[in-house]
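Here is work-v3.txt, consisting of compact mmCIF, C-alpha atoms:
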```txt
# COMPACT_ATOMS: atom_id res chain seq x y z
CA MET X 216 -28.40 0.34 -19.37
CA GLU X 217 -30.30 3.44 -18.27
CA ASN X 218 -30.82 1.99 -14.80
CA ALA X 219 -27.10 1.24 -14.56
CA LYS X 220 -26.21 4.80 -15.57
CA LYS X 221 -28.61 6.22 -12.99
CA PHE X 222 -27.21 3.91 -10.33
CA PHE X 223 -23.57 4.92 -10.87
CA LYS X 224 -24.54 8.58 -11.12
CA GLU X 225 -26.20 8.41 -7.69
CA PHE X 226 -23.46 6.14 -6.33
CA GLY X 227 -20.68 8.50 -7.39
CA MET X 228 -22.53 11.60 -6.26
CA ARG X 229 -23.09 10.19 -2.78
CA PHE X 230 -19.40 9.32 -2.46
CA PHE X 231 -18.47 12.77 -3.74
CA LEU X 232 -20.77 14.57 -1.28
CA GLY X 233 -19.65 12.29 1.55
CA THR X 234 -16.04 13.08 0.76
CA LEU X 235 -16.78 16.81 0.87
CA ILE X 236 -18.33 16.27 4.32
CA VAL X 237 -15.16 14.47 5.46
CA PHE X 238 -12.98 17.35 4.27
CA ALA X 239 -15.32 19.99 5.68
CA SER X 240 -15.31 18.35 9.12
CA GLN X 241 -11.51 18.26 9.08
CA ILE X 242 -11.14 21.86 7.93
CA LEU X 243 -13.63 23.17 10.49
CA THR X 244 -11.98 21.22 13.31
CA SER X 245 -8.55 22.43 12.21
CA MET X 246 -9.71 26.06 12.19
CA ILE X 247 -11.22 25.76 15.67
CA ALA X 248 -8.20 23.92 17.10
CA THR X 249 -5.78 26.42 15.56
CA ALA X 250 -7.73 29.38 16.94
CA ILE X 251 -7.81 27.86 20.43
CA CYS X 252 -4.10 26.99 20.34
CA ASN X 253 -3.17 30.47 19.09
CA ALA X 254 -5.18 32.05 21.90
CA MET X 255 -3.31 29.86 24.39
CA GLY X 256 0.06 30.52 22.76
CA ILE X 257 0.47 26.90 21.68
CA ASP X 258 2.11 26.01 18.36
CA LEU X 259 0.06 23.14 16.95
CA SER X 260 2.65 22.46 14.25
CA ASP X 261 5.14 21.24 16.86
CA ASN X 262 3.01 18.24 17.89
CA MET X 263 2.40 15.57 15.24
CA VAL X 264 -0.01 13.60 17.44
CA ALA X 265 -2.10 16.73 17.99
CA GLN X 266 -2.14 17.41 14.24
CA LEU X 267 -3.26 13.85 13.53
CA LEU X 268 -5.98 14.05 16.18
CA VAL X 269 -7.29 17.24 14.59
CA ALA X 270 -7.40 15.48 11.20
CA LEU X 271 -8.53 12.00 12.25
CA VAL X 272 -11.08 12.59 15.03
CA PRO X 273 -13.52 14.54 12.84
CA MET X 274 -12.92 12.13 9.95
CA TYR X 275 -13.68 8.99 11.96
CA LEU X 276 -16.36 10.40 14.29
CA VAL X 277 -18.20 12.66 11.83
CA GLY X 278 -17.08 12.57 8.21
CA MET X 279 -16.79 8.87 7.43
CA PRO X 280 -19.91 7.83 9.39
CA LEU X 281 -21.90 10.40 7.39
CA LEU X 282 -20.27 9.18 4.17
CA ALA X 283 -21.25 5.61 5.09
CA LEU X 284 -24.79 6.75 5.90
CA LEU X 285 -25.15 8.45 2.51
CA VAL X 286 -23.94 5.39 0.60
CA SER X 287 -25.98 2.96 2.72
CA LYS X 288 -29.17 4.67 1.54
CA ILE X 289 -28.61 3.11 -1.88
CA PRO X 290 -30.61 -0.14 -1.79
CA VAL X 291 -28.85 -3.50 -2.11
CA GLU X 292 -30.45 -5.36 -5.01
CA ALA X 293 -29.48 -8.90 -6.00
CA PRO X 294 -25.81 -8.74 -4.97
CA THR X 295 -23.57 -11.34 -6.60
CA ILE X 296 -21.70 -12.36 -3.46
CA GLU X 297 -20.72 -15.92 -2.57
CA ASP X 298 -20.62 -17.52 0.88
CA LYS X 299 -17.32 -19.33 1.19
CA ARG X 300 -15.54 -19.80 4.52
CA MET X 301 -11.88 -19.07 5.20
CA HIS X 302 -9.94 -21.07 7.76
CA ALA X 303 -6.69 -20.01 9.42
CA GLY X 304 -4.60 -21.47 6.59
CA HIS X 305 -6.63 -19.61 3.98
CA ILE X 306 -6.24 -16.33 5.87
CA ILE X 307 -2.46 -16.81 6.17
CA LYS X 308 -2.20 -17.58 2.45
CA ALA X 309 -4.40 -14.60 1.61
CA PHE X 310 -2.19 -12.35 3.75
CA VAL X 311 0.98 -13.57 2.04
CA VAL X 312 -0.53 -12.90 -1.39
CA THR X 313 -1.90 -9.53 -0.28
CA TYR X 314 1.44 -8.48 1.17
CA GLY X 315 3.26 -9.56 -1.96
CA LEU X 316 0.89 -7.54 -4.14
CA VAL X 317 1.19 -4.51 -1.85
CA MET X 318 5.00 -4.62 -1.82
CA ALA X 319 5.23 -5.05 -5.60
CA SER X 320 2.72 -2.31 -6.38
CA ASN X 321 4.36 -0.02 -3.81
CA LEU X 322 7.63 -0.38 -5.74
CA VAL X 323 5.81 0.44 -8.98
CA GLY X 324 4.23 3.53 -7.43
CA THR X 325 7.51 4.67 -5.90
CA TYR X 326 9.48 4.29 -9.14
CA LEU X 327 6.70 6.03 -11.05
CA GLY X 328 6.93 8.91 -8.58
CA VAL X 329 10.72 9.04 -8.88
CA PHE X 330 10.37 9.15 -12.67
CA ILE X 331 7.96 12.09 -12.45
CA GLU X 332 10.30 13.86 -10.03
CA SER X 333 13.11 13.46 -12.56
CA LEU X 334 10.97 15.26 -15.12
CA VAL X 335 9.61 18.03 -12.88
CA HIS X 336 12.12 19.72 -10.59
CA GLY X 337 10.77 20.15 -7.07
CA ALA X 338 7.87 17.74 -7.49
CA GLN X 339 7.08 15.32 -4.65
CA ALA X 340 5.57 12.36 -6.44
CA SER X 341 7.25 9.49 -4.59
CA THR X 342 6.37 10.61 -1.05
CA ASN X 343 4.31 8.15 0.97
CA GLN X 344 2.53 10.26 3.58
CA ILE X 345 1.33 7.31 5.64
CA GLN X 346 4.86 5.92 5.82
CA THR X 347 6.21 9.30 6.88
CA ILE X 348 3.60 9.58 9.63
CA ALA X 349 4.33 6.03 10.80
CA ILE X 350 8.09 6.59 10.98
CA GLU X 351 8.02 10.01 12.62
CA GLY X 352 4.89 9.69 14.75
CA ASN X 353 4.01 8.17 18.12
CA MET X 354 4.09 4.38 17.93
CA ALA X 355 1.16 3.73 20.28
CA PHE X 356 -1.01 6.28 18.49
CA ASN X 357 -0.07 4.87 15.09
CA ALA X 358 -0.93 1.35 16.25
CA VAL X 359 -4.42 2.36 17.39
CA TYR X 360 -5.11 4.42 14.27
CA MET X 361 -3.62 2.14 11.61
CA ILE X 362 -4.40 -1.26 13.09
CA LEU X 363 -7.82 -0.66 14.66
CA PHE X 364 -9.66 2.34 13.24
CA ALA X 365 -8.45 2.50 9.63
CA PRO X 366 -9.07 -1.18 8.70
CA VAL X 367 -12.57 -1.27 10.23
CA TYR X 368 -13.78 1.96 8.64
CA GLU X 369 -12.10 1.42 5.30
CA GLU X 370 -13.22 -2.18 4.88
CA PHE X 371 -16.81 -1.36 5.79
CA ILE X 372 -17.04 1.63 3.44
CA PHE X 373 -14.81 0.64 0.53
CA ARG X 374 -15.49 -3.08 0.56
CA LYS X 375 -18.87 -3.94 2.08
CA LEU X 376 -20.85 -0.86 1.07
CA ILE X 377 -19.39 -0.80 -2.43
CA VAL X 378 -19.34 -4.53 -3.26
CA ASP X 379 -22.81 -5.16 -1.80
CA ARG X 380 -24.25 -2.54 -4.16
CA VAL X 381 -22.08 -2.70 -7.27
CA SER X 382 -21.86 -6.51 -7.56
CA ARG X 383 -25.35 -6.53 -9.08
CA TYR X 384 -23.45 -5.61 -12.27
CA GLY X 385 -20.87 -8.37 -11.76
CA GLN X 386 -18.09 -9.20 -9.35
CA GLY X 387 -15.44 -7.87 -11.74
CA VAL X 388 -17.05 -4.43 -11.87
CA ALA X 389 -17.41 -4.35 -8.08
CA VAL X 390 -13.76 -5.35 -7.54
CA VAL X 391 -12.41 -2.67 -9.90
CA VAL X 392 -14.69 0.08 -8.54
CA SER X 393 -13.78 -0.82 -4.94
CA GLY X 394 -10.06 -0.76 -5.70
CA LEU X 395 -10.27 2.47 -7.72
CA MET X 396 -12.25 4.43 -5.13
CA PHE X 397 -10.12 3.12 -2.27
CA GLY X 398 -6.94 4.06 -4.11
CA LEU X 399 -8.18 7.53 -5.02
CA PHE X 400 -9.31 8.21 -1.45
CA HIS X 401 -5.66 8.09 -0.36
CA ALA X 402 -5.06 11.21 -2.51
CA ASN X 403 -1.40 10.39 -3.14
CA LEU X 404 0.23 8.82 -6.22
CA THR X 405 2.37 6.22 -4.44
CA GLN X 406 -0.43 5.23 -2.09
CA PHE X 407 -2.95 5.17 -4.95
CA VAL X 408 -1.06 2.42 -6.78
CA TYR X 409 -0.74 -0.02 -3.89
CA ALA X 410 -4.10 0.93 -2.33
CA PHE X 411 -5.82 0.24 -5.66
CA VAL X 412 -4.21 -3.20 -5.90
CA MET X 413 -4.83 -4.03 -2.24
CA GLY X 414 -8.40 -2.72 -2.37
CA ALA X 415 -9.23 -4.73 -5.48
CA PHE X 416 -7.84 -7.94 -3.98
CA MET X 417 -9.70 -7.37 -0.70
CA ALA X 418 -12.89 -6.72 -2.68
CA TYR X 419 -12.34 -10.01 -4.50
CA ILE X 420 -12.03 -11.85 -1.18
CA TYR X 421 -15.18 -10.20 0.16
CA SER X 422 -17.12 -10.99 -3.03
CA LYS X 423 -16.20 -14.67 -2.57
CA THR X 424 -16.90 -14.92 1.16
CA GLY X 425 -19.48 -12.27 2.03
CA LYS X 426 -17.70 -11.90 5.39
CA ILE X 427 -16.24 -8.46 6.00
CA HIS X 428 -14.35 -9.62 9.08
CA TYR X 429 -11.98 -11.61 6.84
CA THR X 430 -10.82 -8.50 4.99
CA ILE X 431 -10.70 -6.48 8.21
CA ILE X 432 -8.36 -9.08 9.72
CA LEU X 433 -6.19 -9.11 6.59
CA HIS X 434 -6.10 -5.30 6.50
CA MET X 435 -5.08 -5.20 10.15
CA ILE X 436 -2.23 -7.67 9.60
CA VAL X 437 -0.95 -5.78 6.52
CA ASN X 438 -0.98 -2.51 8.49
CA LEU X 439 0.68 -4.23 11.45
CA PHE X 440 3.61 -5.24 9.25
CA GLY X 441 3.70 -2.03 7.24
CA SER X 442 3.16 0.55 9.98
CA VAL X 443 4.35 -1.04 13.22
CA PHE X 444 6.84 -3.87 12.69
CA SER X 445 8.60 -2.03 9.85
CA VAL X 446 8.85 1.17 11.91
CA LEU X 447 10.24 -0.74 14.90
CA ALA X 448 12.89 -2.22 12.58
CA ILE X 449 13.73 1.15 10.99
CA ARG X 450 14.04 2.80 14.39
CA GLN X 451 16.87 0.45 15.27
CA ILE X 452 19.07 2.80 13.26
CA ASP X 453 19.00 6.53 12.58
CA LEU X 454 18.06 6.24 8.92
CA ASN X 455 18.35 9.97 8.22
CA GLU X 456 21.86 10.10 9.66
CA TYR X 457 22.85 7.00 7.72
CA LEU X 458 21.54 8.44 4.44
CA GLU X 459 23.26 11.75 5.12
CA ILE X 460 26.62 10.02 5.68
CA ALA X 461 26.09 7.75 2.68
CA SER X 462 25.28 10.69 0.39
CA SER X 463 28.43 12.50 1.55
CA GLY X 464 30.62 9.78 0.05
CA ASP X 465 32.77 9.54 3.22
CA MET X 466 33.39 5.79 3.31
CA ALA X 467 35.37 5.96 6.55
CA ALA X 468 32.50 7.70 8.35
CA LEU X 469 30.03 5.26 6.81
CA MET X 470 32.02 2.23 7.99
CA GLN X 471 32.35 3.72 11.46
CA TYR X 472 28.60 4.37 11.64
CA ALA X 473 27.86 0.82 10.50
CA GLN X 474 30.18 -0.64 13.16
CA GLU X 475 28.66 1.50 15.92
CA ASN X 476 25.15 0.44 14.91
CA ALA X 477 25.85 -3.17 13.95
CA ALA X 478 23.06 -4.60 16.12
CA GLY X 479 20.50 -2.17 14.68
CA PHE X 480 21.52 -2.96 11.11
CA ALA X 481 21.29 -6.69 11.90
CA VAL X 482 17.71 -6.37 13.19
CA TYR X 483 16.70 -4.15 10.28
CA GLY X 484 18.36 -6.48 7.77
CA MET X 485 16.68 -9.60 9.18
CA TYR X 486 13.28 -7.92 9.13
CA MET X 487 13.71 -6.76 5.52
CA MET X 488 14.81 -10.27 4.56
CA PHE X 489 11.77 -11.75 6.31
CA VAL X 490 9.21 -9.46 4.64
CA GLY X 491 11.05 -9.82 1.34
CA ILE X 492 10.61 -13.59 1.50
CA ILE X 493 6.91 -13.15 2.33
CA ALA X 494 6.48 -10.79 -0.61
CA ILE X 495 8.25 -13.10 -3.07
CA VAL X 496 6.24 -16.12 -1.92
CA GLY X 497 3.05 -14.05 -2.19
CA ILE X 498 3.79 -13.02 -5.78
CA ILE X 499 4.64 -16.62 -6.70
CA LEU X 500 1.37 -17.87 -5.19
CA PHE X 501 -0.54 -15.16 -7.06
CA ILE X 502 1.09 -16.05 -10.39
CA VAL X 503 0.45 -19.76 -9.83
CA ALA X 504 -3.20 -19.06 -9.04
CA LEU X 505 -3.47 -16.98 -12.23
CA ALA X 506 -1.86 -19.76 -14.27
CA LYS X 507 -4.29 -22.31 -12.82
CA LYS X 508 -7.20 -19.91 -13.49
CA GLN X 509 -8.25 -20.01 -9.85
CA PHE X 510 -9.46 -16.40 -9.97
CA TYR X 511 -12.87 -15.92 -11.53
CA PHE X 512 -15.67 -13.34 -11.52
CA LEU X 513 -19.34 -14.21 -11.50
CA PRO X 514 -21.63 -12.11 -13.69
CA GLY X 515 -24.21 -9.94 -12.00
CA GLU X 516 -27.97 -10.05 -12.27
CA THR X 517 -27.71 -7.09 -14.66
CA GLN X 518 -25.21 -7.29 -17.50
CA ILE X 519 -23.39 -4.25 -18.85
CA PRO X 520 -22.06 -4.90 -22.37
CA ALA X 521 -18.27 -5.17 -22.38
CA GLY X 522 -17.82 -2.17 -24.66
CA GLN X 523 -20.07 0.00 -22.51
CA ARG X 524 -18.72 -0.72 -19.02
CA PHE X 525 -16.27 2.17 -18.66
CA LYS X 526 -18.71 4.70 -20.09
CA THR X 527 -21.56 3.41 -17.92
CA VAL X 528 -19.56 3.23 -14.68
CA MET X 529 -17.36 6.31 -15.03
CA GLY X 530 -19.05 8.49 -17.67
CA ASN X 531 -21.57 10.15 -15.38
CA PRO X 532 -21.55 13.37 -13.31
CA GLY X 533 -21.29 11.64 -9.92
CA MET X 534 -18.31 9.42 -10.68
CA ILE X 535 -16.61 12.15 -12.73
CA LEU X 536 -16.84 14.60 -9.81
CA PHE X 537 -15.37 12.02 -7.44
CA LEU X 538 -12.59 11.18 -9.91
CA VAL X 539 -11.73 14.82 -10.69
CA LEU X 540 -11.69 15.78 -6.99
CA PHE X 541 -9.07 13.20 -6.10
CA VAL X 542 -7.04 13.51 -9.30
CA LEU X 543 -6.70 17.23 -8.55
CA MET X 544 -5.67 16.40 -4.98
CA ILE X 545 -3.08 13.89 -6.19
CA LEU X 546 -1.70 16.40 -8.70
CA GLY X 547 -1.67 19.04 -5.97
CA THR X 548 0.41 16.91 -3.61
CA MET X 549 2.79 16.14 -6.46
CA PHE X 550 3.31 19.52 -8.10
CA MET X 551 2.32 22.18 -5.57
CA PRO X 552 5.76 22.06 -3.87
CA ALA X 553 7.39 22.66 -7.25
CA LEU X 554 5.03 25.54 -8.06
CA THR X 555 5.34 27.24 -4.67
CA GLY X 556 9.07 26.65 -4.64
CA GLY X 557 9.33 28.25 -8.05
CA ALA X 558 7.20 31.19 -6.95
CA MET X 559 9.28 31.67 -3.83
CA GLY X 560 12.47 31.43 -5.81
```

Conversion result in structure tokens:
Amino acid sequence: MENAKKFFKEFGMRFFLGTLIVFASQILTSMIATAICNAMGIDLSDNMVAQLLVALVPMYLVGMPLLALLVSKIPVEAPTIEDKRMHAGHIIKAFVVTYGLVMASNLVGTYLGVFIESLVHGAQASTNQIQTIAIEGNMAFNAVYMILFAPVYEEFIFRKLIVDRVSRYGQGVAVVVSGLMFGLFHANLTQFVYAFVMGAFMAYIYSKTGKIHYTIILHMIVNLFGSVFSVLAIRQIDLNEYLEIASSGDMAALMQYAQENAAGFAVYGMYMMFVGIIAIVGIILFIVALAKKQFYFLPGETQIPAGQRFKTVMGNPGMILFLVLFVLMILGTMFMPALTGGAMG
């Protein structure tokens, strides 16, 4: 037990320090870029791609590699990882299940956010920042970032590095820790819910195969549908204009807009029907697998008593610091607009 407590203390502390390095690299780069742009008379806030570059380049070239280096220094001891192969059919089935879980948990996170917003005036709890960036940003840039860079970095750090080290205490512990830390790293309530579910399922797949390229491929396909295909479908219509007309209650204007954009609505409707079918099939497959008890977790070389798992894994300075950091960030993104709006009012 003492060794387990020491392990998770060091594990959490390294993730916490690595996260601070990620943020520090972004803040420093932002300060330098802003100073240079101000000196040149350029307004950085007018260019979303430039803003993303300022945030993502230091994160992917400096912050996350250093985070990975810190975590990789923890030795891998007796990992409980299997060596099963996945063929094309298995990968397609895994994607369908993953997408179904992501869609369902995204709805849960969104409705939870809407509920919080109904309780706190001015709160922004249902906002999905990644979705906003995908819809409003440059398509080519989004494709490179969300389909290539994000899946590779995130799967290596939040799946391989975590599962390889934590699975010594059992596959179940590794899966939950991977999902939790991946979800928290998104620092947003809506994203936390679906990222936790997706991260846990990806960790399960990695723990059964030991092949990180399987989860990278799955992550890429999920992001392809969620950040590229969906945006292409949405851009067939001016969604903001449509929502504005719909909220006005002018049925004549709404019918006219629908007639003028019939082709766009048809494309968008067919895409939503397609992904909806995938999601429903994925949930059904997941439920069937649960009913048949096809999901299982192997115990690790070191057993943590069932009643002591939460305290051992989370009740230490390292993991508490990591948890508090991101909980505060999530609360900040949710309630800061309400607080600043109230102060301004």

Nearby residues (all atoms listed in the file) at most 12 Å from Lys526 (chain X), same-chain spacing under 3 positions excluded, as a PyMOL selection string: chain X and resi 216-217+219-220+223-224+519-523+529-532+534-535

Counting all atoms listed in the file, what are the residues of region 400-507 of chain X within 8 Å of region 300-313 of chain X, and for each of them which pair of atoms is the nearest and at what distance in Å, to one decimal? Sort the table by chain and rising number, as a tab-separated table.
```
residue	atom	partner	partner_atom	distance
X:Met413	CA	X:Thr313	CA	6.5
X:Phe416	CA	X:Thr313	CA	7.2
X:Thr424	CA	X:Arg300	CA	6.1
X:Tyr429	CA	X:Ile306	CA	7.5
X:Leu433	CA	X:Phe310	CA	5.9
X:Ile436	CA	X:Phe310	CA	7.5
X:Val437	CA	X:Phe310	CA	7.2
X:Ile493	CA	X:Val311	CA	6.0
X:Ala494	CA	X:Val311	CA	6.7
X:Val496	CA	X:Val311	CA	7.1
X:Gly497	CA	X:Val312	CA	3.8
X:Ile498	CA	X:Val312	CA	6.2
X:Leu500	CA	X:Val312	CA	6.5
X:Phe501	CA	X:Val312	CA	6.1
```

Near region 360-373 of chain X, counting all atoms listed in the file, which residues have an atom at most 10 Å away, once you skip same-chain residues fewer than 5 positions from it, shown as an MDAnalysis selection string? chainID X and resid 230 267:268 271 275 279:280 282:284 286:287 345 349 354:355 378 392:398 400 414:415 417:418 421 427:443

Let's have the selection written as a PDB file, in the frame of the given file, with C-alpha atoms.
```
ATOM      1  CA  PHE X 230     -19.400   9.320  -2.460  1.00  0.00           C
ATOM      2  CA  LEU X 267      -3.260  13.850  13.530  1.00  0.00           C
ATOM      3  CA  LEU X 268      -5.980  14.050  16.180  1.00  0.00           C
ATOM      4  CA  LEU X 271      -8.530  12.000  12.250  1.00  0.00           C
ATOM      5  CA  TYR X 275     -13.680   8.990  11.960  1.00  0.00           C
ATOM      6  CA  MET X 279     -16.790   8.870   7.430  1.00  0.00           C
ATOM      7  CA  PRO X 280     -19.910   7.830   9.390  1.00  0.00           C
ATOM      8  CA  LEU X 282     -20.270   9.180   4.170  1.00  0.00           C
ATOM      9  CA  ALA X 283     -21.250   5.610   5.090  1.00  0.00           C
ATOM     10  CA  LEU X 284     -24.790   6.750   5.900  1.00  0.00           C
ATOM     11  CA  VAL X 286     -23.940   5.390   0.600  1.00  0.00           C
ATOM     12  CA  SER X 287     -25.980   2.960   2.720  1.00  0.00           C
ATOM     13  CA  ILE X 345       1.330   7.310   5.640  1.00  0.00           C
ATOM     14  CA  ALA X 349       4.330   6.030  10.800  1.00  0.00           C
ATOM     15  CA  MET X 354       4.090   4.380  17.930  1.00  0.00           C
ATOM     16  CA  ALA X 355       1.160   3.730  20.280  1.00  0.00           C
ATOM     17  CA  VAL X 378     -19.340  -4.530  -3.260  1.00  0.00           C
ATOM     18  CA  VAL X 392     -14.690   0.080  -8.540  1.00  0.00           C
ATOM     19  CA  SER X 393     -13.780  -0.820  -4.940  1.00  0.00           C
ATOM     20  CA  GLY X 394     -10.060  -0.760  -5.700  1.00  0.00           C
ATOM     21  CA  LEU X 395     -10.270   2.470  -7.720  1.00  0.00           C
ATOM     22  CA  MET X 396     -12.250   4.430  -5.130  1.00  0.00           C
ATOM     23  CA  PHE X 397     -10.120   3.120  -2.270  1.00  0.00           C
ATOM     24  CA  GLY X 398      -6.940   4.060  -4.110  1.00  0.00           C
ATOM     25  CA  PHE X 400      -9.310   8.210  -1.450  1.00  0.00           C
ATOM     26  CA  GLY X 414      -8.400  -2.720  -2.370  1.00  0.00           C
ATOM     27  CA  ALA X 415      -9.230  -4.730  -5.480  1.00  0.00           C
ATOM     28  CA  MET X 417      -9.700  -7.370  -0.700  1.00  0.00           C
ATOM     29  CA  ALA X 418     -12.890  -6.720  -2.680  1.00  0.00           C
ATOM     30  CA  TYR X 421     -15.180 -10.200   0.160  1.00  0.00           C
ATOM     31  CA  ILE X 427     -16.240  -8.460   6.000  1.00  0.00           C
ATOM     32  CA  HIS X 428     -14.350  -9.620   9.080  1.00  0.00           C
ATOM     33  CA  TYR X 429     -11.980 -11.610   6.840  1.00  0.00           C
ATOM     34  CA  THR X 430     -10.820  -8.500   4.990  1.00  0.00           C
ATOM     35  CA  ILE X 431     -10.700  -6.480   8.210  1.00  0.00           C
ATOM     36  CA  ILE X 432      -8.360  -9.080   9.720  1.00  0.00           C
ATOM     37  CA  LEU X 433      -6.190  -9.110   6.590  1.00  0.00           C
ATOM     38  CA  HIS X 434      -6.100  -5.300   6.500  1.00  0.00           C
ATOM     39  CA  MET X 435      -5.080  -5.200  10.150  1.00  0.00           C
ATOM     40  CA  ILE X 436      -2.230  -7.670   9.600  1.00  0.00           C
ATOM     41  CA  VAL X 437      -0.950  -5.780   6.520  1.00  0.00           C
ATOM     42  CA  ASN X 438      -0.980  -2.510   8.490  1.00  0.00           C
ATOM     43  CA  LEU X 439       0.680  -4.230  11.450  1.00  0.00           C
ATOM     44  CA  PHE X 440       3.610  -5.240   9.250  1.00  0.00           C
ATOM     45  CA  GLY X 441       3.700  -2.030   7.240  1.00  0.00           C
ATOM     46  CA  SER X 442       3.160   0.550   9.980  1.00  0.00           C
ATOM     47  CA  VAL X 443       4.350  -1.040  13.220  1.00  0.00           C
TER      48      VAL X 443
END
```

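Our summary of the geometry notes that CA of Tyr384 (chain X) is positioned 4.4 Å from CA of Gly515 (chain X).
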
Find the residues around region 329-332 of chain X up to 10 Å (all atoms listed in the file counted), leave out those fewer than 6 positions away in its own chain, and share them as number ranges by chain. X: 323, 338-342, 405, 549-550, 553

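Here CA of Val528 (chain X) stands at a distance of 23.0 Å from CA of Gln406 (chain X).
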
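Distance-wise, CA of Pro273 (chain X) and CA of Phe537 (chain X) end up 20.5 Å apart.
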
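The shell of residues at most 12 Å from Leu285 (chain X), with all atoms listed in the file counted and near chain neighbours (fewer than 6 positions) removed, consists of Glu225, Phe226, Gly227, Met228, Arg229, Phe230, Phe231, Leu232, Gly233, Thr234, Leu235, Ile236, Gly278, Met279, Ile372, Leu376 and Ile377 of chain X.
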
Which centre and which edge lengths, in Å to one decimal, describe the axis-aligned box that holds all listed atoms of region 232-251 of chain X after 4 Å is added on each side, as lines of an AutoDock Vina configuration file?
```
center_x = -13.3
center_y = 20.8
center_z = 9.6
size_x = 23.0
size_y = 25.1
size_z = 29.7
```

Could you pull the residues within 9 Å of Lys423 (chain X), counting all atoms listed in the file, minus those fewer than 2 positions along the same chain, as a VMD selection string? chain X and resid 296 to 300 386 418 to 421 425 to 426

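Shortest separation to Leu543 (chain X) among X:Ile242, X:Asn403, X:Ala254, X:Ser382 occurs at residue X:Asn403, atoms counted being only C-alpha atoms.
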
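Minimum atom-to-atom distances from X:Lys508, X:Ile460, X:Ile289, X:Ile449 to Phe480 (chain X) were compared using all atoms listed in the file, and the lowest value belongs to X:Ile449.
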
Where atoms are absent from region 393-405 of chain X, fill them in so it carries N, CA and C atoms, then output it as an mmCIF file, in the frame of the given file.
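Listing of result.cif after writing:
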```cif
data_model
loop_
_atom_site.group_PDB
_atom_site.id
_atom_site.type_symbol
_atom_site.label_atom_id
_atom_site.label_comp_id
_atom_site.auth_asym_id
_atom_site.auth_seq_id
_atom_site.Cartn_x
_atom_site.Cartn_y
_atom_site.Cartn_z
ATOM 1 N N SER X 393 -14.247 -0.858 -6.330
ATOM 2 C CA SER X 393 -13.780 -0.820 -4.940
ATOM 3 C C SER X 393 -12.311 -0.429 -4.874
ATOM 4 N N GLY X 394 -11.483 -1.068 -5.692
ATOM 5 C CA GLY X 394 -10.060 -0.760 -5.700
ATOM 6 C C GLY X 394 -9.781 0.667 -6.138
ATOM 7 N N LEU X 395 -10.484 1.119 -7.187
ATOM 8 C CA LEU X 395 -10.270 2.470 -7.720
ATOM 9 C C LEU X 395 -10.633 3.535 -6.693
ATOM 10 N N MET X 396 -11.799 3.404 -6.071
ATOM 11 C CA MET X 396 -12.250 4.430 -5.130
ATOM 12 C C MET X 396 -11.421 4.409 -3.857
ATOM 13 N N PHE X 397 -10.988 3.227 -3.441
ATOM 14 C CA PHE X 397 -10.120 3.120 -2.270
ATOM 15 C C PHE X 397 -8.762 3.745 -2.558
ATOM 16 N N GLY X 398 -8.228 3.474 -3.744
ATOM 17 C CA GLY X 398 -6.940 4.060 -4.110
ATOM 18 C C GLY X 398 -7.007 5.567 -4.209
ATOM 19 N N LEU X 399 -8.039 6.087 -4.869
ATOM 20 C CA LEU X 399 -8.180 7.530 -5.020
ATOM 21 C C LEU X 399 -8.345 8.224 -3.682
ATOM 22 N N PHE X 400 -9.031 7.592 -2.751
ATOM 23 C CA PHE X 400 -9.310 8.210 -1.450
ATOM 24 C C PHE X 400 -8.022 8.503 -0.679
ATOM 25 N N HIS X 401 -6.933 7.833 -1.028
ATOM 26 C CA HIS X 401 -5.660 8.090 -0.360
ATOM 27 C C HIS X 401 -4.999 9.375 -0.851
ATOM 28 N N ALA X 402 -5.460 9.885 -2.007
ATOM 29 C CA ALA X 402 -5.060 11.210 -2.510
ATOM 30 C C ALA X 402 -3.553 11.389 -2.623
ATOM 31 N N ASN X 403 -2.851 10.333 -3.019
ATOM 32 C CA ASN X 403 -1.400 10.390 -3.140
ATOM 33 C C ASN X 403 -0.994 9.346 -4.178
ATOM 34 N N LEU X 404 -0.093 9.713 -5.109
ATOM 35 C CA LEU X 404 0.230 8.820 -6.220
ATOM 36 C C LEU X 404 0.758 7.471 -5.765
ATOM 37 N N THR X 405 1.771 7.471 -4.892
ATOM 38 C CA THR X 405 2.370 6.220 -4.440
ATOM 39 C C THR X 405 1.339 5.354 -3.717
#
```
